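Just below is one structure, and these are the notes that go with it.
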Amino acid sequence: MSVAARRALQSYGAVHNRGRVEGADPAQLIALLFDAGLDALRSAEAQLARGAWREKCASLEKASEIILALKDSLDLERGGELAATLDALYAYCIRRVLEANARSDEAAAREVRGYLEELRSAWGQLQRLPEPAPAALTQGPRG
């Protein structure tokens with residue numbers, strides 16, 4: 001597991017039920033990362049709104065680590081165009097989170113949250129399919 005993925009999962013586990021993380025399959029880990037990223041972005045938006053700059057920085061750092069873990073979980077060799085598109089989207093989201101932090105830009109954080117909400121919804125739909133999600137997209141956070 002990559003350092004970023006390990007830190008993101010540790011952050012998630014420190015706040016949420018560690019058993020959910022430890023007992024999760026790769027597809028569930030991705031869902032947990034989406035959930036943790038969304039939580040961090042919602043916190044950052046609230047912190048930006050009330051001027052809690054130190055807390056905002058911590059929340060946006062956590063969000064960027066989680067998005068990096070999602071990016072690192074992609075299998076670009078087997079995932080084809082979809083994995084390449086997600087890779088580019090995650091890179092864009094990381095840039096926007098950095099901008100949100102540097103400029104205290106609530107709109108940038110909200111934009112990234114919107115992307116993650118759409119991806120989380122799509123991921124949830126994939127998990128409900130009778131066939132397992134494509135292996136190229138479910139290898140989980142890399143080690």
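All residue names refer to the structure tokens as shown: chains lettered A, B, ... in order, residues numbered from 1 in each chain, ligands numbered from 1 in order.
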
Next on the checklist: If we count only C-alpha atoms and set the cut-off at 12 Å, which residues sit around segment 94-110 of chain A, ignoring sequence neighbours fewer than 2 positions away in its own chain? Please answer as a PyMOL selection string.
Outcome noted: chain A and resi 37-71+87-92+112-117

Checklist outcome for this item: atom CA of Phe34 of chain A to atom CA of Ser121 of chain A measures 9.5 Å

Checklist entry - Per DSSP on the backbone, what are the alpha helix (DSSP H) residues of segment 49-82 of chain A, as an MDAnalysis selection string? => result chainID A and resid 49:50 53:72 80:82
